[in-house]
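Colleague: As input, take data39.pdb (PDB, C-alpha atoms and all ligand atoms):
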ATOM      1  CA  MET A   1       0.000   0.000   0.000
ATOM      2  CA  ALA A   2       3.018   2.287  -0.220
ATOM      3  CA  GLY A   3       2.081   5.662  -1.696
ATOM      4  CA  GLN A   4      -1.596   5.328  -0.723
ATOM      5  CA  SER A   5      -3.288   7.332   2.014
ATOM      6  CA  ALA A   6      -6.193   6.327   4.242
ATOM      7  CA  LEU A   7      -8.549   8.490   6.294
ATOM      8  CA  ILE A   8      -9.819   6.613   9.365
ATOM      9  CA  THR A   9     -12.682   8.205  11.299
ATOM     10  CA  GLY A  10     -12.665   7.760  15.076
ATOM     11  CA  GLY A  11      -9.200   6.316  14.586
ATOM     12  CA  ALA A  12      -7.423   7.478  17.754
ATOM     13  CA  LYS A  13      -8.063   4.409  19.893
ATOM     14  CA  ARG A  14      -9.653   0.977  20.236
ATOM     15  CA  VAL A  15     -10.657  -0.665  16.914
ATOM     16  CA  GLY A  16      -9.850   2.407  14.793
ATOM     17  CA  ARG A  17      -6.331   2.491  16.188
ATOM     18  CA  GLU A  18      -5.734  -1.161  15.207
ATOM     19  CA  ILE A  19      -6.980  -0.423  11.704
ATOM     20  CA  ALA A  20      -4.583   2.526  11.475
ATOM     21  CA  LEU A  21      -1.653   0.375  12.626
ATOM     22  CA  ALA A  22      -2.521  -2.458  10.215
ATOM     23  CA  LEU A  23      -2.779  -0.150   7.197
ATOM     24  CA  ALA A  24       0.406   1.701   8.197
ATOM     25  CA  CYS A  25       2.290  -1.597   8.578
ATOM     26  CA  ALA A  26       1.178  -2.366   5.006
ATOM     27  CA  GLY A  27       2.735   0.957   3.942
ATOM     28  CA  ALA A  28      -0.235   3.355   3.832
ATOM     29  CA  ASN A  29      -0.052   6.941   5.075
ATOM     30  CA  ILE A  30      -2.763   7.632   7.641
ATOM     31  CA  ILE A  31      -5.033  10.559   8.462
ATOM     32  CA  VAL A  32      -6.406   9.935  11.955
ATOM     33  CA  HIS A  33      -9.756  11.619  12.467
ATOM     34  CA  TYR A  34     -10.852  12.176  16.071
ATOM     35  CA  ARG A  35     -13.668  14.005  17.844
ATOM     36  CA  SER A  36     -12.419  14.447  21.430
ATOM     37  CA  SER A  37      -9.357  12.160  21.719
ATOM     38  CA  SER A  38      -6.797  14.708  20.518
ATOM     39  CA  HIS A  39      -3.990  13.481  22.757
ATOM     40  CA  LYS A  40      -4.460   9.838  21.722
ATOM     41  CA  ALA A  41      -4.681  10.863  18.061
ATOM     42  CA  GLU A  42      -1.379  12.777  18.257
ATOM     43  CA  GLU A  43       0.276   9.869  20.107
ATOM     44  CA  LEU A  44      -0.903   7.444  17.437
ATOM     45  CA  ALA A  45       0.289   9.740  14.632
ATOM     46  CA  ASP A  46       3.767   9.745  16.238
ATOM     47  CA  GLU A  47       3.685   5.956  16.494
ATOM     48  CA  LEU A  48       2.685   5.668  12.832
ATOM     49  CA  ARG A  49       5.534   7.961  11.769
ATOM     50  CA  GLY A  50       7.817   5.635  13.722
ATOM     51  CA  ILE A  51       6.634   2.807  11.446
ATOM     52  CA  GLY A  52       7.881   4.892   8.508
ATOM     53  CA  VAL A  53       4.686   6.317   6.997
ATOM     54  CA  ASN A  54       3.279   9.851   7.004
ATOM     55  CA  ALA A  55       0.526  10.596   9.497
ATOM     56  CA  TRP A  56      -1.772  13.549  10.195
ATOM     57  CA  THR A  57      -4.672  14.228  12.552
ATOM     58  CA  ILE A  58      -7.955  15.953  11.838
ATOM     59  CA  GLN A  59     -10.769  16.908  14.252
ATOM     60  CA  ALA A  60     -14.507  16.901  13.580
ATOM     61  CA  ASP A  61     -17.703  16.207  15.486
ATOM     62  CA  PHE A  62     -20.137  14.393  13.215
ATOM     63  CA  SER A  63     -23.125  15.370  15.319
ATOM     64  CA  ASP A  64     -22.797  18.697  13.466
ATOM     65  CA  THR A  65     -23.996  17.635  10.015
ATOM     66  CA  ALA A  66     -22.891  20.912   8.410
ATOM     67  CA  GLY A  67     -19.173  20.144   8.647
ATOM     68  CA  VAL A  68     -19.151  16.442   7.813
ATOM     69  CA  GLU A  69     -18.382  16.414   4.091
ATOM     70  CA  SER A  70     -15.662  19.063   4.416
ATOM     71  CA  VAL A  71     -13.590  16.504   6.353
ATOM     72  CA  ILE A  72     -12.768  14.841   3.028
ATOM     73  CA  ASP A  73     -11.498  18.103   1.526
ATOM     74  CA  ARG A  74      -9.579  18.950   4.694
ATOM     75  CA  ALA A  75      -7.948  15.510   4.609
ATOM     76  CA  ILE A  76      -6.875  15.980   0.979
ATOM     77  CA  ASP A  77      -5.545  19.476   1.737
ATOM     78  CA  LEU A  78      -3.422  17.965   4.499
ATOM     79  CA  ALA A  79      -2.249  14.735   2.926
ATOM     80  CA  GLY A  80      -2.629  15.085  -0.832
ATOM     81  CA  PRO A  81      -4.470  12.353  -2.770
ATOM     82  CA  VAL A  82      -6.463   9.970  -0.520
ATOM     83  CA  GLN A  83      -7.383   6.524  -1.847
ATOM     84  CA  ILE A  84      -9.069   4.934   1.184
ATOM     85  CA  LEU A  85     -11.827   5.969   3.595
ATOM     86  CA  ILE A  86     -12.575   3.880   6.686
ATOM     87  CA  ASN A  87     -15.828   4.937   8.379
ATOM     88  CA  ASN A  88     -15.164   3.661  11.886
ATOM     89  CA  ALA A  89     -16.478   6.452  14.177
ATOM     90  CA  SER A  90     -19.620   5.552  16.067
ATOM     91  CA  ALA A  91     -21.644   6.380  19.154
ATOM     92  CA  PHE A  92     -23.174   3.565  21.243
ATOM     93  CA  PRO A  93     -25.822   5.079  23.545
ATOM     94  CA  LEU A  94     -28.379   2.992  25.395
ATOM     95  CA  SER A  95     -31.946   3.314  24.118
ATOM     96  CA  GLU A  96     -34.940   1.003  24.369
ATOM     97  CA  PHE A  97     -38.153   0.471  22.414
ATOM     98  CA  GLU A  98     -40.352   1.710  25.269
ATOM     99  CA  THR A  99     -38.542   5.000  25.895
ATOM    100  CA  VAL A 100     -36.524   5.887  22.783
ATOM    101  CA  THR A 101     -37.207   9.412  21.523
ATOM    102  CA  PHE A 102     -37.185  10.987  18.098
ATOM    103  CA  ASP A 103     -34.021  12.882  19.081
ATOM    104  CA  ASP A 104     -32.306   9.604  20.120
ATOM    105  CA  VAL A 105     -33.029   8.146  16.692
ATOM    106  CA  VAL A 106     -31.946  11.295  14.860
ATOM    107  CA  ASN A 107     -28.710  11.481  16.876
ATOM    108  CA  SER A 108     -27.768   7.870  16.114
ATOM    109  CA  ILE A 109     -28.627   8.189  12.458
ATOM    110  CA  THR A 110     -26.585  11.410  12.277
ATOM    111  CA  THR A 111     -23.352   9.858  13.585
ATOM    112  CA  ASP A 112     -23.704   6.214  12.524
ATOM    113  CA  ALA A 113     -25.477   6.411   9.173
ATOM    114  CA  TRP A 114     -25.546   9.934   7.751
ATOM    115  CA  ALA A 115     -21.907  10.831   8.526
ATOM    116  CA  PRO A 116     -20.401   7.684   6.931
ATOM    117  CA  PHE A 117     -22.788   7.987   3.980
ATOM    118  CA  ALA A 118     -22.080  11.699   3.402
ATOM    119  CA  LEU A 119     -18.326  11.206   3.825
ATOM    120  CA  GLY A 120     -18.408   8.289   1.390
ATOM    121  CA  ARG A 121     -20.465  10.169  -1.174
ATOM    122  CA  ARG A 122     -18.129  13.181  -1.111
ATOM    123  CA  PHE A 123     -15.087  10.888  -1.112
ATOM    124  CA  GLY A 124     -16.468   9.085  -4.157
ATOM    125  CA  GLN A 125     -16.392  12.374  -6.086
ATOM    126  CA  THR A 126     -12.652  12.864  -5.505
ATOM    127  CA  PRO A 127     -10.347  11.682  -8.293
ATOM    128  CA  ASP A 128      -8.145   9.276  -6.319
ATOM    129  CA  ALA A 129     -10.836   7.474  -4.288
ATOM    130  CA  LYS A 130     -10.604   3.660  -4.543
ATOM    131  CA  HIS A 131     -11.957   1.997  -1.396
ATOM    132  CA  ILE A 132     -14.516   2.734   1.309
ATOM    133  CA  VAL A 133     -15.030   0.415   4.274
ATOM    134  CA  ASN A 134     -17.913   1.013   6.685
ATOM    135  CA  LEU A 135     -17.811  -0.463  10.178
ATOM    136  CA  ILE A 136     -21.253  -1.953  10.768
ATOM    137  CA  ASP A 137     -22.323  -4.447  13.476
ATOM    138  CA  THR A 138     -22.981  -8.195  13.459
ATOM    139  CA  ARG A 139     -26.519  -7.640  14.694
ATOM    140  CA  VAL A 140     -27.698  -6.102  11.433
ATOM    141  CA  TYR A 141     -28.114  -9.751  10.447
ATOM    142  CA  GLY A 142     -29.926 -11.972  12.883
ATOM    143  CA  ASP A 143     -31.048 -10.771  16.301
ATOM    144  CA  TYR A 144     -32.251  -7.302  17.303
ATOM    145  CA  ASP A 145     -30.238  -5.160  19.715
ATOM    146  CA  TRP A 146     -33.059  -4.167  22.059
ATOM    147  CA  ARG A 147     -30.776  -2.223  24.435
ATOM    148  CA  HIS A 148     -29.395   0.050  21.707
ATOM    149  CA  PHE A 149     -32.525   0.581  19.663
ATOM    150  CA  ALA A 150     -31.490   3.822  17.909
ATOM    151  CA  TYR A 151     -27.915   2.662  17.256
ATOM    152  CA  HIS A 152     -29.243  -0.619  15.860
ATOM    153  CA  ALA A 153     -31.562   1.229  13.481
ATOM    154  CA  ALA A 154     -28.694   3.466  12.349
ATOM    155  CA  LYS A 155     -26.337   0.540  11.700
ATOM    156  CA  ASN A 156     -29.051  -1.184   9.654
ATOM    157  CA  MET A 157     -29.328   2.004   7.641
ATOM    158  CA  LEU A 158     -25.548   2.032   7.179
ATOM    159  CA  ALA A 159     -25.646  -1.565   5.901
ATOM    160  CA  LEU A 160     -28.200  -0.444   3.309
ATOM    161  CA  PHE A 161     -26.180   2.659   2.406
ATOM    162  CA  THR A 162     -23.090   0.449   1.963
ATOM    163  CA  LYS A 163     -24.774  -1.605  -0.751
ATOM    164  CA  MET A 164     -26.461   1.370  -2.428
ATOM    165  CA  SER A 165     -23.182   3.329  -2.438
ATOM    166  CA  ALA A 166     -21.374   0.301  -3.904
ATOM    167  CA  ILE A 167     -23.683   0.518  -6.919
ATOM    168  CA  LYS A 168     -23.597   4.295  -7.275
ATOM    169  CA  LEU A 169     -19.823   4.693  -6.841
ATOM    170  CA  ALA A 170     -18.901   1.780  -9.128
ATOM    171  CA  PRO A 171     -16.862   1.166 -11.173
ATOM    172  CA  ARG A 172     -14.191   3.458  -9.743
ATOM    173  CA  VAL A 173     -14.745   2.987  -5.991
ATOM    174  CA  ALA A 174     -15.389  -0.247  -4.060
ATOM    175  CA  VAL A 175     -17.648   0.091  -1.012
ATOM    176  CA  ASN A 176     -17.688  -2.688   1.568
ATOM    177  CA  GLY A 177     -18.479  -3.271   5.214
ATOM    178  CA  VAL A 178     -17.009  -5.088   8.182
ATOM    179  CA  ALA A 179     -19.479  -6.194  10.854
ATOM    180  CA  PRO A 180     -17.742  -6.848  14.180
ATOM    181  CA  GLY A 181     -19.279  -8.916  16.963
ATOM    182  CA  LEU A 182     -17.971  -9.157  20.536
ATOM    183  CA  ILE A 183     -14.613  -7.405  20.200
ATOM    184  CA  LEU A 184     -14.295  -4.772  22.948
ATOM    185  CA  PRO A 185     -16.747  -3.833  25.696
ATOM    186  CA  PRO A 186     -18.196  -0.329  25.344
ATOM    187  CA  GLU A 187     -15.772   2.270  26.655
ATOM    188  CA  GLY A 188     -15.790   2.350  30.465
ATOM    189  CA  LYS A 189     -17.349  -1.131  30.811
ATOM    190  CA  PRO A 190     -15.367  -4.108  32.157
ATOM    191  CA  GLN A 191     -14.277  -7.020  29.960
ATOM    192  CA  SER A 192     -16.882  -9.146  31.796
ATOM    193  CA  TYR A 193     -19.556  -7.104  29.920
ATOM    194  CA  ILE A 194     -18.843  -9.217  26.827
ATOM    195  CA  GLU A 195     -16.937 -12.177  28.350
ATOM    196  CA  THR A 196     -20.086 -13.800  29.749
ATOM    197  CA  LEU A 197     -21.610 -13.944  26.268
ATOM    198  CA  LYS A 198     -18.787 -15.795  24.544
ATOM    199  CA  TYR A 199     -20.197 -19.307  25.001
ATOM    200  CA  GLU A 200     -23.197 -18.267  22.927
ATOM    201  CA  LEU A 201     -20.938 -17.829  19.893
ATOM    202  CA  PRO A 202     -20.140 -20.765  17.593
ATOM    203  CA  LEU A 203     -16.387 -20.101  18.042
ATOM    204  CA  GLN A 204     -16.808 -19.566  21.825
ATOM    205  CA  ARG A 205     -14.313 -16.736  22.140
ATOM    206  CA  ILE A 206     -14.138 -12.952  22.219
ATOM    207  CA  GLY A 207     -12.604 -11.269  19.191
ATOM    208  CA  ASP A 208      -9.612  -8.975  19.012
ATOM    209  CA  PRO A 209      -9.474  -5.555  17.295
ATOM    210  CA  LYS A 210      -6.687  -7.051  15.153
ATOM    211  CA  PHE A 211      -9.195  -9.455  13.576
ATOM    212  CA  VAL A 212     -11.298  -6.491  12.454
ATOM    213  CA  ALA A 213      -8.215  -4.722  11.104
ATOM    214  CA  GLU A 214      -7.271  -7.841   9.097
ATOM    215  CA  ALA A 215     -10.680  -7.853   7.406
ATOM    216  CA  VAL A 216     -10.375  -4.135   6.591
ATOM    217  CA  LEU A 217      -6.892  -4.708   5.178
ATOM    218  CA  TYR A 218      -8.215  -7.491   2.957
ATOM    219  CA  LEU A 219     -11.011  -5.300   1.608
ATOM    220  CA  VAL A 220      -8.812  -2.290   0.833
ATOM    221  CA  THR A 221      -6.340  -4.444  -1.073
ATOM    222  CA  SER A 222      -8.954  -6.458  -2.964
ATOM    223  CA  GLU A 223      -9.510  -5.610  -6.625
ATOM    224  CA  PHE A 224     -12.767  -7.495  -7.171
ATOM    225  CA  VAL A 225     -15.005  -7.187  -4.106
ATOM    226  CA  THR A 226     -17.701  -4.564  -3.622
ATOM    227  CA  GLY A 227     -21.021  -4.372  -1.775
ATOM    228  CA  GLN A 228     -19.818  -7.079   0.609
ATOM    229  CA  VAL A 229     -20.041  -7.221   4.401
ATOM    230  CA  ILE A 230     -17.526  -9.422   6.229
ATOM    231  CA  PHE A 231     -18.781 -10.581   9.631
ATOM    232  CA  VAL A 232     -15.905 -10.708  12.124
ATOM    233  CA  ASP A 233     -17.961 -12.116  14.947
ATOM    234  CA  GLY A 234     -17.024 -15.718  15.803
ATOM    235  CA  GLY A 235     -20.105 -16.817  13.889
ATOM    236  CA  ARG A 236     -22.591 -14.834  15.997
ATOM    237  CA  HIS A 237     -24.745 -13.816  13.041
ATOM    238  CA  ILE A 238     -25.320 -17.408  11.937
ATOM    239  CA  ARG A 239     -26.343 -18.483  15.441
ATOM    240  CA  GLU A 240     -28.762 -15.575  15.758
ATOM    241  CA  ALA A 241     -30.188 -16.076  12.287
ATOM    242  CA  GLY A 242     -30.776 -19.725  13.253
ATOM    243  CA  ARG A 243     -33.052 -18.578  16.073
ATOM    244  CA  GLY A 244     -35.313 -16.969  13.515
TER     245      GLY A 244
HETATM  246  N1  LIG A 301     -16.234  -2.749  19.917
HETATM  247  C1  LIG A 301     -16.981  -3.732  19.432
HETATM  248  O1  LIG A 301     -16.957  -4.858  19.957
HETATM  249  C2  LIG A 301     -17.869  -3.491  18.246
HETATM  250  C3  LIG A 301     -18.934  -4.367  18.008
HETATM  251  C4  LIG A 301     -19.775  -4.129  16.919
HETATM  252  C5  LIG A 301     -19.525  -3.054  16.066
HETATM  253  N2  LIG A 301     -18.480  -2.226  16.332
HETATM  254  C6  LIG A 301     -18.256  -1.075  15.424
HETATM  255  O2  LIG A 301     -16.867  -1.017  15.075
HETATM  256  C7  LIG A 301     -16.425   0.345  15.075
HETATM  257  C8  LIG A 301     -15.283   0.533  16.058
HETATM  258  O3  LIG A 301     -15.693   0.094  17.343
HETATM  259  P1  LIG A 301     -15.142   0.806  18.673
HETATM  260  O4  LIG A 301     -15.787   0.094  19.801
HETATM  261  O5  LIG A 301     -13.673   0.920  18.610
HETATM  262  O6  LIG A 301     -15.803   2.267  18.504
HETATM  263  P2  LIG A 301     -16.016   3.359  19.660
HETATM  264  O7  LIG A 301     -14.862   3.301  20.581
HETATM  265  O8  LIG A 301     -17.379   3.214  20.242
HETATM  266  O9  LIG A 301     -16.020   4.707  18.802
HETATM  267  C9  LIG A 301     -14.922   5.058  17.973
HETATM  268  C10 LIG A 301     -14.747   6.551  17.968
HETATM  269  O10 LIG A 301     -15.874   7.197  17.387
HETATM  270  C11 LIG A 301     -15.721   8.560  17.668
HETATM  271  N3  LIG A 301     -17.007   9.257  17.728
HETATM  272  C12 LIG A 301     -18.056   9.027  18.550
HETATM  273  N4  LIG A 301     -19.023   9.955  18.342
HETATM  274  C13 LIG A 301     -18.559  10.789  17.370
HETATM  275  C14 LIG A 301     -19.063  11.961  16.760
HETATM  276  N5  LIG A 301     -20.236  12.513  17.101
HETATM  277  N6  LIG A 301     -18.309  12.579  15.809
HETATM  278  C15 LIG A 301     -17.106  12.078  15.459
HETATM  279  N7  LIG A 301     -16.569  10.973  16.032
HETATM  280  C16 LIG A 301     -17.284  10.354  16.981
HETATM  281  C17 LIG A 301     -15.001   8.668  19.030
HETATM  282  O11 LIG A 301     -13.853   9.505  18.839
HETATM  283  P3  LIG A 301     -13.178  10.357  20.044
HETATM  284  O12 LIG A 301     -12.654   9.334  21.021
HETATM  285  O13 LIG A 301     -12.110  11.136  19.375
HETATM  286  O14 LIG A 301     -14.266  11.217  20.630
HETATM  287  C18 LIG A 301     -14.619   7.214  19.315
HETATM  288  O15 LIG A 301     -13.318   7.062  19.845
HETATM  289  C19 LIG A 301     -17.658   1.192  15.396
HETATM  290  O16 LIG A 301     -18.253   1.637  14.191
HETATM  291  C20 LIG A 301     -18.580   0.233  16.113
HETATM  292  O17 LIG A 301     -19.954   0.552  15.997
HETATM  293  C21 LIG A 301     -17.643  -2.412  17.406
END
As structure tokens, how would this structure be written, given the file I've shared?
Modeller:
Amino acid sequence: MAGQSALITGGAKRVGREIALALACAGANIIVHYRSSSHKAEELADELRGIGVNAWTIQADFSDTAGVESVIDRAIDLAGPVQILINNASAFPLSEFETVTFDDVVNSITTDAWAPFALGRRFGQTPDAKHIVNLIDTRVYGDYDWRHFAYHAAKNMLALFTKMSAIKLAPRVAVNGVAPGLILPPEGKPQSYIETLKYELPLQRIGDPKFVAEAVLYLVTSEFVTGQVIFVDGGRHIREAGRG
């Protein structure tokens, strides 16, 4: 991937950080987008430069829809031609069927569906764009996530946008998704939050952010895959689909 550049949203820590490291180890320059984790983003950029690639940071809050698309132009101003966009940023608020509000749904759609869609659409208009990968969620296929109602709706919308964008941005740009399962507990929650669920998975283990990064790396180096979603979930989606 030498000579290519990738913009990774929400890339300062956790899964986004692993994606940044994996793409940098393959030779790509990285633009780390962050919302609030400026210190972690700068630390990661230094680490990436230590690997021997160029790295930049860029700040934006996607809950402000007005500034979303300009992130693509800001990234290109900073880094020059950008070939890869990884839509990883996400918010994971609790919300339930009985109490979810219109604002809850709008907020989740804004960050988890509209922002990746709008970024991807603008990115697709730029001359060097080649690959978009959207981070989705294993539960778009199979069971419903009743505790994160609005988030779940937004990720389903993102899965739809992934396939529709793959058609509209072809043949120049490939648009794919990666759907993680139990990888990391939500920020601030203990590992036990997901550990107790592992025996429900066919592979009976918790995933690692590296497994997600490997799937992203495959997709951004593939020449013949678009509109695909790779489930990195220990088989969770097949088990849940089997329950009807
Ligand atoms: N972790 C899992 O096991 C799991 C399971 C299923 C799906 N996924 C999906 O995989 C991706 C990565 O997971 P993760 O757990 O590493 O994500 P995460 O920690 O929940 O979120 C990643 C980053 O998104 C950024 N973000 C949140 N709200 C934002 C906003 N309004 N504007 C801009 N950026 C915002 C935050 O950046 P700052 O820190 O800079 O504020 C955050 O660090 C996500 O799309 C997630 O939905 C993860």
Colleague: Please give me, as a ChimeraX atom specification, the residues lying within 7 Å of ligand LIG 301 (chain A) when counting only C-alpha atoms and all ligand atoms.
Modeller: /A:9-16,34-38,60-63,88-92,111,135-138,179-187
Colleague: Around (-0.8, 11.9, 19.7) in the file's own coordinates, what residues are found within 12 Å if you use all atoms listed in the file, given back as a list in words?
Modeller: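 Output: Gly11, Ala12, Lys13, Arg17, Val32, His33, Tyr34, Ser37, Ser38, His39, Lys40, Ala41, Glu42, Glu43, Leu44, Ala45, Asp46, Glu47, Leu48, Arg49, Ala55, Trp56, Thr57 and Ile58 of chain A.
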Colleague: If you measure from CA of Asp128 in chain A to CA of Gln83 in chain A, what distance in Å do you get, rounded to one decimal?
Modeller: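 One can read the CA of Asp128 in chain A to CA of Gln83 in chain A distance as 5.3 Å.
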Colleague: Write out as a PyMOL selection string the residues lying within 7 Å of range 216-223 of chain A, counting all atoms listed in the file and excluding same-chain residues fewer than 6 positions away.
Modeller: chain A and resi 23+131+133+178
Colleague: Can you work out the spacing between CA of Leu158 in chain A and CA of Gly235 in chain A in Å, to one decimal?
Modeller: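 A separation of 20.7 Å between them.
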Colleague: Starting from the displayed file, determine the output of the PyMOL selection byres (((chain A and resi 229) around 7) and not hetatm) and express the residue list as a count of residues only.
Modeller: 8
Colleague: Counting all atoms listed in the file, which of A:Ala213, A:Ile51, A:Ala118, A:Ala150 gets nearest to Val100 in chain A?
Modeller: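 The answer is A:Ala150, which sits nearest to Val100 in chain A.
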Colleague: Between A:Lys155, A:Arg205, A:Arg172, A:Lys210, single out the one closest to Ile19 in chain A, counting all atoms listed in the file.
Modeller: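 Among the listed residues, the smallest separation from Ile19 in chain A belongs to A:Lys210.
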Colleague: Could you work out how far CA of Asp143 in chain A lies from CA of Phe102 in chain A, giving the answer in Å with one decimal?
Modeller: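 Those two atoms sit 22.7 Å apart.
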Colleague: Determine the residue set returned by the PyMOL selection byres (((chain A and resi 240) around 10) and not hetatm) for the present structure, and present it as a list of chain:residue names.
Modeller: A:Thr138, A:Arg139, A:Tyr141, A:Gly142, A:Asp143, A:Tyr144, A:Glu200, A:Leu201, A:Gly235, A:Arg236, A:His237, A:Ile238, A:Arg239, A:Ala241, A:Gly242, A:Arg243, A:Gly244
Colleague: Write out, as an mmCIF file, in the frame of the given file, the residues just selected, with C-alpha atoms.
Modeller:
data_model
loop_
_atom_site.group_PDB
_atom_site.id
_atom_site.type_symbol
_atom_site.label_atom_id
_atom_site.label_comp_id
_atom_site.auth_asym_id
_atom_site.auth_seq_id
_atom_site.Cartn_x
_atom_site.Cartn_y
_atom_site.Cartn_z
ATOM 1 C CA THR A 138 -22.981 -8.195 13.459
ATOM 2 C CA ARG A 139 -26.519 -7.640 14.694
ATOM 3 C CA TYR A 141 -28.114 -9.751 10.447
ATOM 4 C CA GLY A 142 -29.926 -11.972 12.883
ATOM 5 C CA ASP A 143 -31.048 -10.771 16.301
ATOM 6 C CA TYR A 144 -32.251 -7.302 17.303
ATOM 7 C CA GLU A 200 -23.197 -18.267 22.927
ATOM 8 C CA LEU A 201 -20.938 -17.829 19.893
ATOM 9 C CA GLY A 235 -20.105 -16.817 13.889
ATOM 10 C CA ARG A 236 -22.591 -14.834 15.997
ATOM 11 C CA HIS A 237 -24.745 -13.816 13.041
ATOM 12 C CA ILE A 238 -25.320 -17.408 11.937
ATOM 13 C CA ARG A 239 -26.343 -18.483 15.441
ATOM 14 C CA ALA A 241 -30.188 -16.076 12.287
ATOM 15 C CA GLY A 242 -30.776 -19.725 13.253
ATOM 16 C CA ARG A 243 -33.052 -18.578 16.073
ATOM 17 C CA GLY A 244 -35.313 -16.969 13.515
#
Colleague: Starting from the displayed file, determine the output of the PyMOL selection byres (((chain A and resi 71) around 10) and not hetatm) and express the residue list as number ranges by chain.
Modeller: A: 7, 9, 33, 58-60, 62, 67-70, 72-77, 119, 122-123
Colleague: Skipping near chain neighbours, those fewer than 5 positions away, what residues fall within 10 Å of Val175 in chain A using only C-alpha atoms, listed as a list of chain:residue names?
Modeller: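 The filter keeps A:Leu85, A:Ile86, A:Gly120, A:Gly124, A:Lys130, A:His131, A:Ile132, A:Val133, A:Asn134, A:Phe161, A:Thr162, A:Lys163, A:Met164, A:Ser165, A:Ala166, A:Ile167, A:Lys168, A:Leu169, A:Ala170, A:Leu219, A:Val220, A:Val225, A:Thr226, A:Gly227, A:Gln228, A:Val229.
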Colleague: Just write the chosen residues, C-alpha atoms, as a short mmCIF file (atom, residue, chain, number, x, y, z; two decimals), keeping the file's coordinate frame.
Modeller:
data_model
loop_
_atom_site.label_atom_id
_atom_site.label_comp_id
_atom_site.auth_asym_id
_atom_site.auth_seq_id
_atom_site.Cartn_x
_atom_site.Cartn_y
_atom_site.Cartn_z
CA LEU A 85 -11.83 5.97 3.60
CA ILE A 86 -12.58 3.88 6.69
CA GLY A 120 -18.41 8.29 1.39
CA GLY A 124 -16.47 9.09 -4.16
CA LYS A 130 -10.60 3.66 -4.54
CA HIS A 131 -11.96 2.00 -1.40
CA ILE A 132 -14.52 2.73 1.31
CA VAL A 133 -15.03 0.42 4.27
CA ASN A 134 -17.91 1.01 6.68
CA PHE A 161 -26.18 2.66 2.41
CA THR A 162 -23.09 0.45 1.96
CA LYS A 163 -24.77 -1.60 -0.75
CA MET A 164 -26.46 1.37 -2.43
CA SER A 165 -23.18 3.33 -2.44
CA ALA A 166 -21.37 0.30 -3.90
CA ILE A 167 -23.68 0.52 -6.92
CA LYS A 168 -23.60 4.30 -7.28
CA LEU A 169 -19.82 4.69 -6.84
CA ALA A 170 -18.90 1.78 -9.13
CA LEU A 219 -11.01 -5.30 1.61
CA VAL A 220 -8.81 -2.29 0.83
CA VAL A 225 -15.00 -7.19 -4.11
CA THR A 226 -17.70 -4.56 -3.62
CA GLY A 227 -21.02 -4.37 -1.78
CA GLN A 228 -19.82 -7.08 0.61
CA VAL A 229 -20.04 -7.22 4.40
#
